[in-house]
file work-v2.txt (compact mmCIF, C-alpha atoms)
# COMPACT_ATOMS: atom_id res chain seq x y z
CA MET A 143 32.84 -6.04 16.20
CA ALA A 144 31.03 -2.70 15.93
CA GLU A 145 27.73 -2.16 17.66
CA PRO A 146 24.75 -3.86 15.94
CA MET A 147 23.07 -1.33 13.64
CA GLY A 148 19.59 -1.46 12.18
CA PHE A 149 16.35 0.25 11.24
CA PHE A 150 13.32 1.16 13.32
CA THR A 151 10.39 1.72 10.99
CA ASP A 152 7.48 3.57 12.59
CA THR A 153 4.62 2.77 10.23
CA THR A 154 2.30 5.29 11.89
CA VAL A 155 4.20 8.22 10.40
CA CYS A 156 4.83 6.74 6.94
CA ILE A 157 3.09 8.81 4.25
CA GLY A 158 3.77 6.39 1.37
CA CYS A 159 5.90 8.86 -0.60
CA LYS A 160 8.30 6.10 -1.72
CA ALA A 161 11.33 8.38 -1.30
CA CYS A 162 13.04 5.40 0.39
CA GLU A 163 12.42 3.20 -2.65
CA VAL A 164 13.81 5.84 -4.98
CA ALA A 165 16.85 6.56 -2.79
CA CYS A 166 17.61 2.82 -2.55
CA LYS A 167 17.29 2.36 -6.30
CA GLN A 168 19.44 5.38 -7.00
CA TRP A 169 22.25 4.57 -4.58
CA ASN A 170 22.43 0.89 -5.51
CA GLN A 171 21.80 1.57 -9.23
CA LEU A 172 19.03 -1.01 -9.41
CA PRO A 173 17.17 -1.38 -12.70
CA SER A 174 13.46 -0.93 -13.32
CA PRO A 175 11.32 -3.97 -14.07
CA GLU A 176 10.57 -4.55 -17.77
CA GLY A 177 12.93 -1.81 -18.88
CA GLY A 178 10.98 0.94 -17.16
CA ALA A 179 7.65 0.24 -18.91
CA ASN A 180 4.73 1.55 -16.84
CA THR A 181 2.59 -1.29 -15.57
CA MET A 182 -0.04 -0.73 -12.91
CA SER A 183 -0.67 -3.46 -10.35
CA GLY A 184 -4.22 -2.35 -9.55
CA ASP A 185 -3.35 -2.80 -5.89
CA SER A 186 -3.83 0.67 -4.44
CA TYR A 187 -0.80 2.90 -5.11
CA ASP A 188 1.55 -0.07 -4.86
CA ASN A 189 3.14 -0.74 -8.24
CA THR A 190 6.38 -2.14 -6.83
CA ARG A 191 4.40 -5.19 -5.66
CA LYS A 192 7.10 -6.99 -3.62
CA LEU A 193 10.64 -7.08 -2.35
CA ASP A 194 12.94 -8.83 -4.81
CA GLY A 195 16.35 -8.68 -6.47
CA ILE A 196 15.77 -5.22 -7.92
CA ASN A 197 13.47 -3.77 -5.23
CA TRP A 198 15.27 -3.72 -1.89
CA ARG A 199 12.68 -1.38 -0.32
CA HIS A 200 8.94 -1.73 -0.82
CA VAL A 201 6.24 0.60 0.48
CA LYS A 202 3.10 -1.39 1.22
CA PHE A 203 -0.34 0.22 1.00
CA VAL A 204 -3.05 -1.45 3.08
CA GLU A 205 -6.53 0.04 2.73
CA GLN A 206 -8.94 -0.67 5.58
CA PHE A 207 -12.32 0.85 4.72
CA SER A 208 -15.88 0.07 5.71
CA GLU A 209 -18.35 -1.21 3.11
CA ASP A 210 -19.87 2.25 2.61
CA ARG A 211 -16.37 3.82 2.44
CA VAL A 212 -17.31 6.32 5.18
CA GLY A 213 -14.87 5.18 7.85
CA GLY A 214 -11.45 3.73 7.32
CA ARG A 215 -7.72 4.10 7.46
CA TRP A 216 -4.56 3.59 5.47
CA LEU A 217 -1.77 1.41 6.78
CA LEU A 218 1.51 2.31 5.11
CA MET A 219 4.71 0.43 5.70
CA SER A 220 8.13 0.58 4.13
CA ASP A 221 9.28 -3.05 4.10
CA VAL A 222 12.91 -4.13 3.92
CA CYS A 223 15.26 -7.01 4.80
CA LYS A 224 15.04 -7.63 8.56
CA HIS A 225 18.76 -8.46 8.96
CA CYS A 226 17.75 -11.21 11.39
CA VAL A 227 20.05 -12.04 14.29
CA ARG A 228 19.45 -15.69 13.37
CA ALA A 229 19.19 -15.52 9.62
CA GLY A 230 17.55 -18.28 7.61
CA CYS A 231 19.28 -17.21 4.39
CA LEU A 232 22.69 -17.37 6.02
CA GLU A 233 21.90 -20.84 7.31
CA VAL A 234 21.01 -22.37 3.94
CA CYS A 235 23.54 -20.69 1.60
CA PRO A 236 25.66 -23.52 0.09
CA THR A 237 28.44 -21.30 -1.28
CA ASN A 238 29.00 -19.11 1.81
CA ALA A 239 28.05 -16.08 -0.27
CA ILE A 240 26.00 -14.63 2.58
CA ILE A 241 27.99 -13.02 5.37
CA ARG A 242 27.43 -11.36 8.72
CA THR A 243 29.10 -7.96 8.72
CA GLU A 244 30.75 -6.14 11.60
CA PHE A 245 27.49 -4.14 11.95
CA ASP A 246 25.56 -7.40 12.64
CA THR A 247 23.84 -7.04 9.27
CA VAL A 248 23.46 -9.74 6.61
CA VAL A 249 24.98 -9.13 3.17
CA ILE A 250 25.10 -11.25 -0.01
CA GLN A 251 28.42 -11.23 -1.87
CA SER A 252 27.47 -11.03 -5.54
CA ASP A 253 30.73 -12.47 -6.81
CA VAL A 254 30.42 -15.59 -4.63
CA CYS A 255 26.69 -16.25 -5.14
CA ASN A 256 25.89 -18.80 -7.85
CA GLY A 257 22.17 -17.97 -7.99
CA CYS A 258 20.98 -21.36 -6.71
CA GLY A 259 18.01 -19.74 -4.95
CA ALA A 260 18.27 -21.68 -1.67
CA CYS A 261 18.14 -18.41 0.28
CA VAL A 262 15.02 -17.33 -1.62
CA ALA A 263 13.19 -20.27 -0.04
CA GLY A 264 15.13 -20.04 3.24
CA CYS A 265 14.06 -16.48 4.08
CA PRO A 266 10.88 -16.61 6.21
CA PHE A 267 9.96 -13.07 5.13
CA GLY A 268 10.23 -13.53 1.35
CA VAL A 269 12.79 -10.74 1.07
CA ILE A 270 15.37 -12.24 -1.31
CA ASP A 271 15.01 -12.85 -5.03
CA ILE A 272 17.22 -13.20 -8.07
CA ASN A 273 18.42 -10.01 -9.75
CA PRO A 274 17.74 -10.49 -13.48
CA VAL A 275 20.88 -8.53 -14.44
CA SER A 276 23.43 -10.36 -12.32
CA LYS A 277 21.44 -13.64 -12.13
CA THR A 278 22.42 -13.81 -8.44
CA ALA A 279 20.37 -13.45 -5.26
CA GLN A 280 20.21 -9.89 -4.01
CA LYS A 281 18.58 -7.93 -1.21
CA CYS A 282 19.07 -4.89 1.01
CA THR A 283 22.65 -4.59 2.26
CA LEU A 284 21.68 -1.95 4.83
CA CYS A 285 23.96 0.17 2.63
CA TYR A 286 27.08 -1.67 3.86
CA ASP A 287 29.25 0.51 1.63
CA ARG A 288 27.79 3.67 3.17
CA LEU A 289 28.13 2.32 6.73
CA GLN A 290 31.79 1.54 6.11
CA ALA A 291 32.23 5.19 5.12
CA GLY A 292 30.39 6.39 8.25
CA MET A 293 27.27 7.38 6.34
CA GLU A 294 23.60 6.68 7.00
CA PRO A 295 21.75 4.27 4.66
CA ALA A 296 20.15 5.98 1.66
CA CYS A 297 16.53 5.12 2.54
CA SER A 298 16.55 6.47 6.09
CA LYS A 299 18.45 9.54 4.91
CA ALA A 300 15.73 10.23 2.35
CA CYS A 301 12.71 9.54 4.61
CA PRO A 302 10.99 12.93 5.09
CA THR A 303 8.94 11.95 8.16
CA ASP A 304 11.59 9.88 9.97
CA SER A 305 9.38 6.84 9.63
CA ILE A 306 12.62 4.99 8.88
CA GLN A 307 15.14 5.60 11.62
CA PHE A 308 18.69 4.27 11.52
CA GLY A 309 21.03 3.75 14.45
CA PRO A 310 22.40 1.30 17.02
CA VAL A 311 19.73 -1.34 17.66
CA ARG A 312 19.90 -0.80 21.42
CA GLU A 313 18.99 2.89 21.03
CA LEU A 314 16.35 2.15 18.43
CA ARG A 315 14.62 -0.33 20.75
CA GLU A 316 14.42 2.31 23.48
CA ARG A 317 13.08 4.82 20.96
CA GLY A 318 10.52 2.30 19.74
CA ALA A 319 9.34 1.46 23.25
CA LYS A 320 8.90 5.18 24.01
CA ARG A 321 6.89 5.68 20.81
CA VAL A 322 4.63 2.72 21.65
CA SER A 323 3.88 4.12 25.10
CA GLN A 324 3.26 7.56 23.57
CA LEU A 325 0.74 6.04 21.14
CA ASN A 326 -0.86 3.97 23.90
CA ASP A 327 -1.24 7.10 26.04
CA GLY A 328 -2.78 8.88 23.07
CA GLY A 329 -5.46 6.20 22.71
CA GLU A 330 -3.90 3.94 20.07
CA SER A 331 -3.83 0.74 22.09
CA ARG A 332 -3.05 -1.47 19.09
CA ALA A 333 0.52 -0.17 18.68
CA TYR A 334 3.31 -2.67 19.30
CA LEU A 335 6.84 -3.48 18.14
CA TYR A 336 7.30 -6.32 15.68
CA GLY A 337 10.66 -8.10 15.94
CA ALA A 338 12.29 -5.89 18.58
CA ASP A 339 12.51 -8.57 21.25
CA GLU A 340 14.65 -11.68 20.98
CA LYS A 341 11.77 -14.13 20.74
CA MET A 342 11.60 -13.64 16.98
CA LEU A 343 14.68 -15.20 15.33
CA GLY A 344 16.86 -13.82 18.12
CA GLY A 345 15.58 -10.32 17.31
CA LEU A 346 15.33 -8.45 14.03
CA ASN A 347 17.91 -5.74 13.45
CA SER A 348 15.27 -4.06 11.30
CA PHE A 349 12.07 -3.95 13.35
CA PHE A 350 8.71 -2.23 12.94
CA LEU A 351 6.03 -0.44 14.89
CA LEU A 352 2.68 -1.82 13.74
CA VAL A 353 -0.92 -1.03 14.63
CA ASP A 354 -2.53 -4.22 13.39
CA LYS A 355 -1.76 -7.93 13.18
CA PRO A 356 1.46 -8.79 11.30
CA GLU A 357 -0.55 -10.73 8.69
CA VAL A 358 -2.34 -7.50 7.71
CA TYR A 359 1.04 -6.08 6.66
CA GLY A 360 2.03 -9.34 4.95
CA LEU A 361 4.46 -10.31 7.72
CA PRO A 362 4.61 -13.77 9.32
CA PRO A 363 3.41 -13.80 12.96
CA ASP A 364 5.95 -16.44 13.96
CA PRO A 365 8.82 -16.80 11.43
CA LYS A 366 10.95 -19.94 11.72
CA LEU A 367 14.51 -20.88 10.79
CA PRO A 368 14.90 -23.52 8.06
CA SER A 369 17.07 -25.56 10.48
CA ARG A 370 13.99 -26.40 12.58
CA ASN A 371 13.28 -29.12 9.99
CA LEU A 372 16.73 -30.71 10.18
CA VAL A 373 16.28 -33.03 13.19
CA PRO A 374 12.83 -34.39 12.23
CA ALA A 375 13.90 -34.63 8.56
CA SER A 376 17.07 -36.54 9.45
CA MET A 377 15.05 -38.87 11.70
CA PHE A 378 12.63 -39.58 8.85
CA SER A 379 15.58 -40.14 6.51
CA ALA A 380 17.13 -42.61 8.95
CA LEU A 381 13.79 -44.38 9.38
CA GLY A 382 13.35 -44.51 5.60
CA ALA A 383 16.84 -45.96 5.16
CA LEU A 384 16.15 -48.56 7.85
CA LEU A 385 12.87 -49.51 6.19
CA VAL A 386 14.55 -49.93 2.79
CA ALA A 387 17.32 -52.02 4.38
CA LEU A 388 14.76 -54.25 6.11
CA ILE A 389 12.80 -54.71 2.86
CA GLY A 390 16.06 -55.66 1.13
CA VAL A 391 17.01 -58.17 3.84
CA PHE A 392 13.56 -59.83 3.83
CA SER A 393 13.45 -59.88 0.05
CA PHE A 394 16.82 -61.68 -0.17
CA ARG A 395 15.86 -64.11 2.59
CA GLU A 396 12.65 -65.02 0.75
CA ARG A 397 14.51 -65.49 -2.50
CA ARG A 398 17.18 -67.65 -0.85
CA SER A 399 14.56 -69.81 0.88
CA GLY A 400 12.71 -70.09 -2.47
CA GLU A 401 15.92 -71.17 -4.21
CA GLY A 402 16.42 -73.84 -1.51
CA GLU A 403 12.96 -75.28 -2.18
CA ASP A 404 13.57 -75.49 -5.96
CA ARG A 405 16.63 -77.66 -5.51
CA PRO A 406 16.08 -81.40 -6.14
CA MET B 756 28.67 -51.91 18.79
CA ARG B 757 25.58 -50.47 20.44
CA SER B 758 27.51 -47.55 21.96
CA VAL B 759 29.15 -46.81 18.61
CA CYS B 760 25.71 -46.65 16.96
CA LEU B 761 24.37 -44.34 19.67
CA ALA B 762 27.43 -42.10 19.45
CA SER B 763 27.15 -41.83 15.66
CA VAL B 764 23.43 -40.95 15.92
CA ALA B 765 24.27 -38.27 18.54
CA ILE B 766 27.00 -36.84 16.28
CA VAL B 767 24.63 -36.73 13.29
CA LEU B 768 21.94 -34.97 15.33
CA ALA B 769 24.46 -32.50 16.78
CA ALA B 770 25.69 -31.71 13.27
CA CYS B 771 22.11 -30.81 12.33
CA THR B 772 22.09 -27.84 14.69
CA SER B 773 22.97 -24.68 12.82
CA PRO B 774 25.31 -22.14 14.48
CA GLU B 775 22.61 -19.58 13.66
CA SER B 776 20.06 -21.28 15.90
CA THR B 777 21.84 -20.15 19.07
CA ARG B 778 23.38 -16.90 17.89
CA THR B 779 22.76 -13.72 19.89
CA ARG B 780 22.68 -10.08 18.80
CA GLY B 781 26.19 -8.87 18.10
CA GLY B 782 27.35 -12.40 18.77
CA GLY B 783 30.05 -12.89 16.15
CA PRO B 784 30.22 -13.56 12.46
CA GLY B 785 27.30 -15.97 12.09
CA ALA B 786 26.89 -19.33 10.42
CA ASP B 787 29.71 -19.18 7.92
CA ILE B 788 32.75 -18.02 9.80
CA GLY B 789 35.64 -16.40 7.96
CA ASN B 790 34.05 -16.68 4.56
CA ARG B 791 34.93 -13.27 3.19
CA GLY B 792 37.73 -11.23 1.80
CA SER B 793 38.69 -7.69 2.74
CA GLU B 794 36.42 -6.26 0.06
CA VAL B 795 32.80 -7.32 -0.29
CA MET B 796 31.30 -7.10 -3.77
CA MET B 797 27.60 -6.30 -3.48
CA HIS B 798 26.64 -4.38 -6.57
CA GLU B 799 27.35 -6.80 -9.37
CA GLY B 800 24.41 -6.39 -11.72
CA SER B 801 23.89 -2.70 -11.08
CA LYS B 802 22.60 -1.42 -14.38
CA PRO B 803 19.95 1.26 -14.01
CA PHE B 804 18.86 1.06 -17.66
CA HIS B 805 18.88 -2.74 -18.00
CA GLY B 806 16.24 -3.84 -20.50
CA THR B 807 15.25 -0.29 -21.41
CA PRO B 808 14.42 -0.28 -25.12
CA VAL B 809 16.41 2.18 -27.16
CA LYS B 810 13.94 3.60 -29.68
CA GLN B 811 15.50 4.97 -32.84
CA PRO B 812 12.80 6.17 -35.24
CA ALA B 813 13.52 5.10 -38.82
CA GLN B 814 11.54 7.97 -40.37
CA PRO B 815 12.19 11.66 -39.66
CA PRO B 816 9.50 13.32 -37.51
CA PRO B 817 6.46 14.75 -39.40
CA LEU B 818 6.80 18.40 -40.35
CA ASP B 819 3.04 19.19 -40.48
CA SER B 820 3.06 21.43 -37.46
CA ALA B 821 6.07 23.29 -38.77
CA SER B 822 4.51 23.85 -42.19
CA GLN B 823 1.27 25.03 -40.56
CA ALA B 824 3.22 27.58 -38.54
CA ASP B 825 4.95 28.65 -41.69
CA ARG B 826 1.60 29.06 -43.51
CA LEU B 827 0.03 31.07 -40.70
CA SER B 828 3.00 33.36 -40.44
CA ARG B 829 2.72 34.46 -44.08

call {"tool": "encode", "arguments": {"input": "work-v2.txt", "output": "C-alpha cells"}}
result
Amino acid sequence: MAEPMGFFTDTTVCIGCKACEVACKQWNQLPSPEGGANTMSGDSYDNTRKLDGINWRHVKFVEQFSEDRVGGRWLLMSDVCKHCVRAGCLEVCPTNAIIRTEFDTVVIQSDVCNGCGACVAGCPFGVIDINPVSKTAQKCTLCYDRLQAGMEPACSKACPTDSIQFGPVRELRERGAKRVSQLNDGGESRAYLYGADEKMLGGLNSFFLLVDKPEVYGLPPDPKLPSRNLVPASMFSALGALLVALIGVFSFRERRSGEGEDRP
Amino acid sequence: MRSVCLASVAIVLAACTSPESTRTRGGGPGADIGNRGSEVMMHEGSKPFHGTPVKQPAQPPPLDSASQADRLSR
C-alpha cells in the first residue's frame, strides 16, 4: 500500500476564486446544473450551493459582519470529500461499489453502483449525491486517475494561493501544525486543524485549518459512523421480536383457555 | 440451551461491528475487502453539456442593422 495521500486546506489563504471548482469540473467532465442556465442562489457569491454528484468541490462563502457593516470578515473555504479513514459511505454501501484505494482514499466505482443512495445518508458530511447523468452516487475521487499517473489532483494544481495543498498526510499534518502555530504567534488564536487528529473518524485524509467553529463552515463538530447505531438498533429489534413473541404466546393461551370453557 | 442462546447473541453483536470502526490510517483496504477489478471506472456519466438546450432559431436573423448600414453608406 502506498503512503496515505490527502489534502490540507488552509482556509485563511482562500480567496474564493473557485479555480478548484472549475479545474475539478473540467478534469472530471462534470455537467452544469440545469444545462448551464444561470441561476443565482442569493447566498453571497456562492451559486454552487453544495457538494453533490456534479459538484465535487464547493467554495463556501461565510460573511461575518456587524449590524452597521463597519467591521467584519469573510470566511472562505473550499469544501471536498474528506476521504475519512473510517468512512461511513464505505460502511453502508450494499453493492461494494465504494472502495479504499492504495492511496487510502475512498472512491465510488460507477459501474458497480446501483444508485440506491445509502451512502448519501451514510456520509456524516453530506458530500455524496446522485449524478443526474449516470444516476449513480458520485463524489470527489481525489483524482484517482491522476494519482495513478503520478500527477497532482486538478484542484490543488489549480489553486493560486496554495490554500489547497496535496501530499502525504503525514507531511500535511506537520505543515498544518506549523501554520497553526504561525497564526497563533501572529495573534490569530482561533486557528485550529479540523480532522487532522485521529479522534475524528480515525482522522480525515482531507483536513482543514479553520478560524471559527466547524458549524460556522457547515461542518459537523463530532461526525459519527452509521455503525454506531447497529448495536442499540439490534437490541431494540431483539426486544421487539421478544415482545411480539410474548404477545403471540399469551394470545394463544387465552384463546385455548377460552375454547376449554366453551366446551360442554 | 442457555449457553447456546448467549453464544448466538454474542455472535450477532460481534457481526454488528463494522471493519471500518477500528480501521487505522493506511490500515488496509477498508470495509469491503477485495471488491475491485484492476481498472476502476469512476467517470461514468461524464457529459459536460448534459441538459444544455440546443437552440436552433427557426427564422433567419433580422437584417435591420445591415440594411441601416447599407442606407447610411449610400

call {"tool": "closest_residue", "arguments": {"input": "work-v2.txt", "among": "A:Val322, A:Cys297, A:Met147, A:Val358", "to": "His225 (chain A)", "atoms": "all atoms listed in the file"}}
result
A:Met147

call {"tool": "interface_residues", "arguments": {"input": "work-v2.txt", "of": "chain A", "to": "chain B", "cutoff": "7 Å", "atoms": "all atoms listed in the file", "output": "NGL selection string"}}
result
:A and (145-146 or 170-174 or 176-178 or 227-229 or 232-233 or 238 or 241-243 or 246 or 250-253 or 275-276 or 344 or 369 or 372-373)

call {"tool": "residues_around", "arguments": {"input": "work-v2.txt", "residues": "Tyr286 (chain A)", "least_positions_apart": "2", "cutoff": "9 Å", "atoms": "only C-alpha atoms", "output": "ChimeraX atom specification"}}
result
/A:243,245,247,249,283-284,288-291,295 /B:797

call {"tool": "atom_distance", "arguments": {"input": "work-v2.txt", "atom1": "CA of Gly148 (chain A)", "atom2": "CA of Asn347 (chain A)"}}
result
4.8 Å

call {"tool": "axis_aligned_box", "arguments": {"input": "work-v2.txt", "around": "region 792-802 of chain B", "padding_each_side": "6 Å", "output": "lines of an AutoDock Vina configuration file"}}
result
center_x = 30.6
center_y = -6.3
center_z = -5.8
size_x = 28.1
size_y = 21.8
size_z = 29.1

call {"tool": "atom_distance", "arguments": {"input": "work-v2.txt", "atom1": "CA of Thr303 (chain A)", "atom2": "CA of Gly329 (chain A)"}}
result
21.3 Å

call {"tool": "residues_around", "arguments": {"input": "work-v2.txt", "residues": "Glu163 (chain A)", "least_positions_apart": "3", "cutoff": "10 Å", "atoms": "all atoms listed in the file", "output": "count of residues only"}}
result
18

call {"tool": "residues_around", "arguments": {"input": "work-v2.txt", "residues": "Val234 (chain A)", "least_positions_apart": "2", "cutoff": "8 Å", "atoms": "only C-alpha atoms", "output": "ChimeraX atom specification"}}
result
/A:230-232,236,260-261,264,368
